[in-house]
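Trainee: Pasting a structure here, questions to come.
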Amino acid sequence: MALDLVLLGPPGSGKGTQAVWLTEQYRIPAIASGDILRAQVEAGTPLGKRVRSYLDRGELVPDQLVVDIIRQRLSEPDTEAGFILDGFPRTLPQAQALDAMLAELQRPLDAVIYLETDRQSLLDRLGHRHRQDDRADIANHRIDVFLEQTAPLIGYYRDEGKLRLIDGAQPPEVVAAAIEDLIRPLVGADEVPNTRPTTS
Ligand code: ADP
């Protein structure tokens, strides 16, 4: 059985940190839309040139561009055992496009993990990062963009019965343990990686 997850949360809520941990635990790729877009900008591709100003301003890139990127990424064979989406979807049209894609593949999402985090914790964390768009004014704007454009997904996934809520302001290892607790029932017992040393 594949493990198909979405990590939802405002900038600085720890999606990237948790995605890396999940990749190691479950051997499934983390797909971070922001990383893919930044790589395009750095490589100076036509797509990168198109999206650069959105990233610099902390605005969302047009839905169709990101949806196309994710559709292509999900068609790669390493996603067969599952995937962790980090930073996608971020708008209702993106969520609907993802549902349509996954319906076609007959593999609906297993869970959407929402890392609910207060603004001050977010700003404290983003203040310690060194990405160009983590500058205080842009970081604040990205949080507003989340509240306006992405927060509606909370209700969308709650209605689908997929939403799982975790307090993202807790230390990363506490969040990781909470995520593990909610994933355990989703994976077959024989698929849970053995993380403890055997005694015999
Ligand atoms: P964070 O979650 O810390 O804001 P990301 O790396 O996920 O960082 O996103 C950085 C930027 O990339 C966003 O501000 C936006 O410009 C762009 N971006 C990433 N994912 C999406 C998406 N799904 N839709 C539109 N824009 C996106």
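Identifiers for the structure tokens are assigned positionally: chains receive A, B, ... in sequence, residues are indexed from 1 per chain, and ligands are indexed from 1 in the order shown.
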Taking only C-alpha atoms and all ligand atoms and a cut-off of 7 Å, can you tell me which residues surround ligand 1, written as a ChimeraX atom specification?
Mentor: /A:10-12,32-35,37,54-55,58-63,66,86-90,142
Trainee: Please identify all polymer residues within 8 Å of region 19-21 of chain A, counting only C-alpha atoms, omitting same-chain residues fewer than 3 positions from it, and present them as number ranges by chain.
Mentor: A: 7, 15-16, 24-25, 30, 84-86, 176
Trainee: If you run DSSP on this backbone, which residues of region 23-166 of chain A come out as alpha helix (DSSP H), and could you give them as a ChimeraX atom specification?
Mentor: /A:23-26,33-43,46-57,63-74,92-104,119-127,136-145,152-159
Trainee: Identify which of the residues A:Lys162, A:Arg129, A:Arg71, A:Arg184 lies closest to Leu102 (chain A), counting only C-alpha atoms when measuring atom-to-atom distances.
Mentor: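 Closest residue, counting only C-alpha atoms: A:Arg71.
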Trainee: Among region 10-177 of chain A, which residues carry a DSSP assignment of strand (DSSP E), reported as a count of residues only?
Mentor: 19
Trainee: Which polymer residues have any atom within 9 Å of an atom of Ile154 (chain A), counting only C-alpha atoms, with same-chain residues fewer than 5 positions away left out, as a list in words?
Mentor: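 Skipping anything fewer than 5 positions along the chain leaves Leu8, Val112, Tyr114, Asp159 and Leu163 of chain A.
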Trainee: Those same residues - all heavy atoms - I'd like them written as a short mmCIF file (atom, residue, chain, number, x, y, z; two decimals), in the first residue's frame.
Mentor:
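The resulting out27.cif:
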data_model
loop_
_atom_site.label_atom_id
_atom_site.label_comp_id
_atom_site.auth_asym_id
_atom_site.auth_seq_id
_atom_site.Cartn_x
_atom_site.Cartn_y
_atom_site.Cartn_z
N LEU A 8 0.56 20.40 5.29
CA LEU A 8 -0.06 21.71 5.13
C LEU A 8 0.34 22.57 6.32
O LEU A 8 0.32 22.09 7.45
CB LEU A 8 -1.58 21.49 5.09
CG LEU A 8 -2.51 22.67 4.86
CD1 LEU A 8 -2.30 23.25 3.48
CD2 LEU A 8 -3.97 22.20 5.01
N VAL A 112 -3.88 14.49 5.31
CA VAL A 112 -3.34 15.84 5.16
C VAL A 112 -3.00 16.31 6.57
O VAL A 112 -3.87 16.43 7.43
CB VAL A 112 -4.38 16.77 4.51
CG1 VAL A 112 -3.87 18.21 4.49
CG2 VAL A 112 -4.71 16.29 3.11
N TYR A 114 -1.89 18.97 9.05
CA TYR A 114 -1.86 20.43 9.17
C TYR A 114 -1.06 20.83 10.40
O TYR A 114 -1.44 20.52 11.52
CB TYR A 114 -3.29 20.98 9.23
CG TYR A 114 -3.39 22.45 9.54
CD1 TYR A 114 -2.48 23.37 9.01
CD2 TYR A 114 -4.40 22.95 10.36
CE1 TYR A 114 -2.57 24.72 9.28
CE2 TYR A 114 -4.50 24.31 10.65
CZ TYR A 114 -3.58 25.18 10.11
OH TYR A 114 -3.66 26.52 10.39
N ASP A 159 -13.61 18.40 5.42
CA ASP A 159 -14.83 17.85 4.81
C ASP A 159 -14.57 16.50 4.15
O ASP A 159 -15.44 15.64 4.09
CB ASP A 159 -15.41 18.82 3.77
CG ASP A 159 -15.98 20.07 4.41
OD1 ASP A 159 -16.16 20.08 5.65
OD2 ASP A 159 -16.25 21.05 3.68
N LEU A 163 -8.19 15.56 7.19
CA LEU A 163 -7.36 16.48 7.97
C LEU A 163 -6.92 15.90 9.31
O LEU A 163 -7.73 15.35 10.06
CB LEU A 163 -8.12 17.79 8.22
CG LEU A 163 -7.22 18.93 8.68
CD1 LEU A 163 -6.46 19.53 7.50
CD2 LEU A 163 -8.02 20.01 9.39
#
Trainee: Smallest atom-to-atom distance to Gln64 (chain A): which of A:Ile143, A:Ala95, A:Thr23, A:Arg52, using only C-alpha atoms?
Mentor: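 Result for the nearest residue to Gln64 (chain A): A:Ala95.
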Trainee: Neighbours of Leu109 (chain A) within 8 Å (only C-alpha atoms; same-chain residues fewer than 6 positions away dropped), as an mmCIF file with all heavy atoms, in the first residue's frame?
Mentor:
data_model
loop_
_atom_site.group_PDB
_atom_site.id
_atom_site.type_symbol
_atom_site.label_atom_id
_atom_site.label_comp_id
_atom_site.auth_asym_id
_atom_site.auth_seq_id
_atom_site.Cartn_x
_atom_site.Cartn_y
_atom_site.Cartn_z
ATOM 1 N N LEU A 3 1.826 5.209 0.650
ATOM 2 C CA LEU A 3 1.550 6.196 1.700
ATOM 3 C C LEU A 3 1.614 7.576 1.057
ATOM 4 O O LEU A 3 2.692 8.078 0.748
ATOM 5 C CB LEU A 3 2.587 6.065 2.815
ATOM 6 C CG LEU A 3 2.465 7.021 3.995
ATOM 7 C CD1 LEU A 3 1.133 6.831 4.716
ATOM 8 C CD2 LEU A 3 3.623 6.830 4.958
ATOM 9 N N ASP A 4 0.442 8.164 0.830
ATOM 10 C CA ASP A 4 0.358 9.442 0.119
ATOM 11 C C ASP A 4 -0.068 10.537 1.090
ATOM 12 O O ASP A 4 -1.199 10.553 1.560
ATOM 13 C CB ASP A 4 -0.658 9.342 -1.028
ATOM 14 C CG ASP A 4 -0.265 8.289 -2.059
ATOM 15 O OD1 ASP A 4 0.896 7.844 -2.042
ATOM 16 O OD2 ASP A 4 -1.126 7.923 -2.873
ATOM 17 N N LEU A 5 0.854 11.464 1.344
ATOM 18 C CA LEU A 5 0.610 12.483 2.376
ATOM 19 C C LEU A 5 0.777 13.891 1.843
ATOM 20 O O LEU A 5 1.581 14.132 0.938
ATOM 21 C CB LEU A 5 1.617 12.316 3.519
ATOM 22 C CG LEU A 5 1.650 10.977 4.242
ATOM 23 C CD1 LEU A 5 2.832 10.949 5.210
ATOM 24 C CD2 LEU A 5 0.344 10.719 4.969
ATOM 25 N N VAL A 6 0.034 14.809 2.461
ATOM 26 C CA VAL A 6 0.249 16.238 2.223
ATOM 27 C C VAL A 6 0.597 16.882 3.557
ATOM 28 O O VAL A 6 -0.044 16.608 4.573
ATOM 29 C CB VAL A 6 -1.029 16.905 1.654
ATOM 30 C CG1 VAL A 6 -0.936 18.428 1.746
ATOM 31 C CG2 VAL A 6 -1.271 16.490 0.207
ATOM 32 N N ASP A 99 -6.704 16.307 -6.335
ATOM 33 C CA ASP A 99 -7.704 15.248 -6.155
ATOM 34 C C ASP A 99 -8.032 14.587 -7.489
ATOM 35 O O ASP A 99 -8.172 13.363 -7.563
ATOM 36 C CB ASP A 99 -8.987 15.824 -5.537
ATOM 37 C CG ASP A 99 -8.927 15.851 -4.008
ATOM 38 O OD1 ASP A 99 -7.997 15.245 -3.439
ATOM 39 O OD2 ASP A 99 -9.815 16.465 -3.387
ATOM 40 N N LEU A 102 -5.148 12.326 -8.599
ATOM 41 C CA LEU A 102 -5.031 11.110 -7.794
ATOM 42 C C LEU A 102 -6.218 10.179 -8.028
ATOM 43 O O LEU A 102 -6.073 8.955 -7.971
ATOM 44 C CB LEU A 102 -4.880 11.460 -6.308
ATOM 45 C CG LEU A 102 -3.584 12.211 -5.974
ATOM 46 C CD1 LEU A 102 -3.554 12.605 -4.504
ATOM 47 C CD2 LEU A 102 -2.350 11.369 -6.310
ATOM 48 N N LYS A 162 -9.925 14.025 5.732
ATOM 49 C CA LYS A 162 -8.486 13.719 5.615
ATOM 50 C C LYS A 162 -7.626 14.511 6.603
ATOM 51 O O LYS A 162 -6.449 14.213 6.770
ATOM 52 C CB LYS A 162 -8.002 14.097 4.203
ATOM 53 C CG LYS A 162 -8.758 13.386 3.086
ATOM 54 C CD LYS A 162 -7.946 12.287 2.478
ATOM 55 C CE LYS A 162 -8.792 11.236 1.842
ATOM 56 N NZ LYS A 162 -8.993 11.418 0.432
#
Trainee: Skip Arg107 (chain A) itself and residues of its chain fewer than 3 positions away, then list as a PDB file with N, CA and C atoms, in the first residue's frame all residues within 12 Å of it, counting only C-alpha atoms.
Mentor:
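In the end it all went to around20.pdb:
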ATOM      1  N   MET A   1       0.831  -1.194   0.000  1.00  0.00           N
ATOM      2  CA  MET A   1       0.000   0.000   0.000  1.00  0.00           C
ATOM      3  C   MET A   1       0.871   1.252   0.000  1.00  0.00           C
ATOM      4  N   ALA A   2       0.526   2.204  -0.840  1.00  0.00           N
ATOM      5  CA  ALA A   2       1.297   3.448  -0.909  1.00  0.00           C
ATOM      6  C   ALA A   2       0.885   4.380   0.231  1.00  0.00           C
ATOM      7  N   LEU A   3       1.826   5.209   0.650  1.00  0.00           N
ATOM      8  CA  LEU A   3       1.550   6.196   1.700  1.00  0.00           C
ATOM      9  C   LEU A   3       1.614   7.576   1.057  1.00  0.00           C
ATOM     10  N   ASP A   4       0.442   8.164   0.830  1.00  0.00           N
ATOM     11  CA  ASP A   4       0.358   9.442   0.119  1.00  0.00           C
ATOM     12  C   ASP A   4      -0.068  10.537   1.090  1.00  0.00           C
ATOM     13  N   LEU A   5       0.854  11.464   1.344  1.00  0.00           N
ATOM     14  CA  LEU A   5       0.610  12.483   2.376  1.00  0.00           C
ATOM     15  C   LEU A   5       0.777  13.891   1.843  1.00  0.00           C
ATOM     16  N   LEU A  74       4.707  13.598 -10.038  1.00  0.00           N
ATOM     17  CA  LEU A  74       3.994  12.427  -9.508  1.00  0.00           C
ATOM     18  C   LEU A  74       3.964  11.277 -10.509  1.00  0.00           C
ATOM     19  N   THR A  79       7.592   7.561  -6.972  1.00  0.00           N
ATOM     20  CA  THR A  79       6.428   7.890  -6.140  1.00  0.00           C
ATOM     21  C   THR A  79       5.499   6.689  -5.957  1.00  0.00           C
ATOM     22  N   GLU A  80       5.863   5.563  -6.563  1.00  0.00           N
ATOM     23  CA  GLU A  80       4.967   4.405  -6.516  1.00  0.00           C
ATOM     24  C   GLU A  80       4.638   3.974  -5.086  1.00  0.00           C
ATOM     25  N   ALA A  81       5.644   4.013  -4.213  1.00  0.00           N
ATOM     26  CA  ALA A  81       5.417   3.574  -2.825  1.00  0.00           C
ATOM     27  C   ALA A  81       4.797   4.681  -1.978  1.00  0.00           C
ATOM     28  N   GLY A  82       4.676   5.865  -2.546  1.00  0.00           N
ATOM     29  CA  GLY A  82       4.081   6.969  -1.811  1.00  0.00           C
ATOM     30  C   GLY A  82       4.832   8.269  -2.039  1.00  0.00           C
ATOM     31  N   PHE A  83       4.336   9.316  -1.390  1.00  0.00           N
ATOM     32  CA  PHE A  83       4.997  10.622  -1.519  1.00  0.00           C
ATOM     33  C   PHE A  83       4.552  11.514  -0.376  1.00  0.00           C
ATOM     34  N   LEU A  98      -5.241  18.322  -7.645  1.00  0.00           N
ATOM     35  CA  LEU A  98      -4.549  17.162  -7.055  1.00  0.00           C
ATOM     36  C   LEU A  98      -5.527  16.009  -6.859  1.00  0.00           C
ATOM     37  N   ASP A  99      -6.704  16.307  -6.335  1.00  0.00           N
ATOM     38  CA  ASP A  99      -7.704  15.248  -6.155  1.00  0.00           C
ATOM     39  C   ASP A  99      -8.032  14.587  -7.489  1.00  0.00           C
ATOM     40  N   ALA A 100      -8.149  15.401  -8.534  1.00  0.00           N
ATOM     41  CA  ALA A 100      -8.485  14.850  -9.860  1.00  0.00           C
ATOM     42  C   ALA A 100      -7.362  13.948 -10.362  1.00  0.00           C
ATOM     43  N   MET A 101      -6.120  14.421 -10.196  1.00  0.00           N
ATOM     44  CA  MET A 101      -4.956  13.619 -10.627  1.00  0.00           C
ATOM     45  C   MET A 101      -4.937  12.283  -9.914  1.00  0.00           C
ATOM     46  N   LEU A 102      -5.148  12.326  -8.599  1.00  0.00           N
ATOM     47  CA  LEU A 102      -5.031  11.110  -7.794  1.00  0.00           C
ATOM     48  C   LEU A 102      -6.218  10.179  -8.028  1.00  0.00           C
ATOM     49  N   ALA A 103      -7.380  10.764  -8.344  1.00  0.00           N
ATOM     50  CA  ALA A 103      -8.544   9.933  -8.653  1.00  0.00           C
ATOM     51  C   ALA A 103      -8.256   9.132  -9.919  1.00  0.00           C
ATOM     52  N   GLU A 104      -7.613   9.798 -10.878  1.00  0.00           N
ATOM     53  CA  GLU A 104      -7.262   9.130 -12.136  1.00  0.00           C
ATOM     54  C   GLU A 104      -6.312   7.957 -11.881  1.00  0.00           C
ATOM     55  N   ASP A 110      -3.912   9.701   1.713  1.00  0.00           N
ATOM     56  CA  ASP A 110      -4.147   9.011   2.983  1.00  0.00           C
ATOM     57  C   ASP A 110      -4.413  10.005   4.099  1.00  0.00           C
ATOM     58  N   ALA A 111      -3.679  11.109   4.103  1.00  0.00           N
ATOM     59  CA  ALA A 111      -3.877  12.098   5.163  1.00  0.00           C
ATOM     60  C   ALA A 111      -3.275  13.433   4.764  1.00  0.00           C
TER      61      ALA A 111
END
Trainee: Would you mind telling me which residue in A:Leu115, A:Leu105, A:Ala43, A:Ile31 lies nearest to Arg73 (chain A) when using only C-alpha atoms?
Mentor: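 Closest residue, counting only C-alpha atoms: A:Ile31.
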Trainee: Extract, using only C-alpha atoms, all DNA, RNA and protein residues at most 12 Å from Ile166 (chain A), discarding same-chain residues fewer than 5 positions from it, and format them as an MDAnalysis selection string.
Mentor: chainID A and resid 7:9 13:15 18 112:117 171:172 174:182
